[in-house]
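One structure is given below, encoded as structure tokens.
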Amino acid sequence: MTILRRRRSPLTVEPVTEPESESDATTTLLPLFPLQTVLLPGTKLPLHIFEPRYRQLTADLVSGTVPGREFGVVALRSSLTREVRGLDQLYEIGCSTVLREAKRLPDGRFDVVTQAQRRFRLTDLDCVSAPYMIASVEWVDDDPVAPAGDMAERLAVVARTAHRRYCETAWRSDDWNAPEADTELAELAYQLAADCLLPLEDRQRLLEERHPLRRLRIACRLLIREAGFLDTLGAVPLPPGELTDLGKPASLN
């Protein structure tokens with residue numbers, strides 16, 4: 001499996017019909033795709049699928065064998081892991097994603113695009129019942145919060161400013177997008193982080209935070225820190241289009 005990082009060169013794909021919404025059960029079974037990356041809700045994940053077990057998963061998603069065409073992505077705790085055998089090798093909190101587009105290649109590989117949906121907590125792992133792993137999960141919602149009013153608005157402005165500073169330093173103008181003005185507070189931190197090359201542990205921290213204001217504050221601090229690093233070092237990360245193999249060494253695909 002290769003994570004396709006170039007957002008500005010979309011795949012030519014065959015559309016997959018949108019799945020009907022499922023009821024939000026407390027627990028469920030999800031096919032599991034461990035990666036050396038953290039998937040944040042609302043973001044898109046393009047993948048190149050080539051290993052047999054994940055080709056089978058993709059075929060099951062396309063055919064509707066997997067309910068809702070939804071599977072889980074969870075980060076590996078160690079980049080040295082080559083085969084997952086227990087929960088201790090994975091972070092507890094991951095994110096589900098839904099297959100949106102798929103193109104089957106002549107040799108059986110797939111190029112796919114998925115859309116991240118909702119967070120979950122791993123409770124059990126089945127490594128033998130199917131070619132790919134199946135996880136028992138509990139859905140994770142945000143904590144209820146009282147209206148934050150002006151404080152939330154001010155924090156959002158500061159976070160957006162930090163995001164713009166980072167992106168204008170790191171990327172070309174067509175390599176990033178500012179979140180829409182009407183983006184909900186609960187989603188803003190995820191969208192701001194999506195354009196930035198934050199370390200895995202920082203992205204996991206954002207994923208696990210259940211208080212929307214606290215999550216946005218964390219994102220703001222991380223973006224200010226990273227922009228400061230860029231200014232201090234006088235260096236910029238590689239353009240997104242040149243980062244296509246970041247997940248490859250630790251991939252289970």
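Following the order of the structure tokens, chains are lettered A, B, ..., residues in each are numbered from 1, and ligands are numbered from 1.
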
| said: When you look at stretch 77-93 of chain A with a cut-off of 10 Å (counting only C-alpha atoms), what residues show up, excluding the ones that are within fewer than 4 positions of it in the same chain? I need them as an MDAnalysis selection string. | reply: chainID A and resid 34:38 73 119:127 133 135 137:140 200:201 204:205 207:208 247 249:253

| request: Once DSSP has gone over the backbone, tell me which residues of stretch 71-205 of chain A are in strand (DSSP E or B), as an MDAnalysis selection string. | output: chainID A and resid 71:76 90 93:104 110:126 133:140

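From atom CA of A:Arg203 back to atom CA of A:Ala75, the distance works out to 10.1 Å.
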
| request: Name the residues of stretch 48-213 of chain A that fall into alpha helix (DSSP H) according to DSSP on the backbone, using the chain letters and numbers of this document, as a ChimeraX atom specification. | output: /A:52-63,150-170,185-194,200-208,212-213

| field | atom CA of A:Gln115 to atom CA of A:Tyr132, distance in Å rounded to a single decimal | value | 19.9 Å
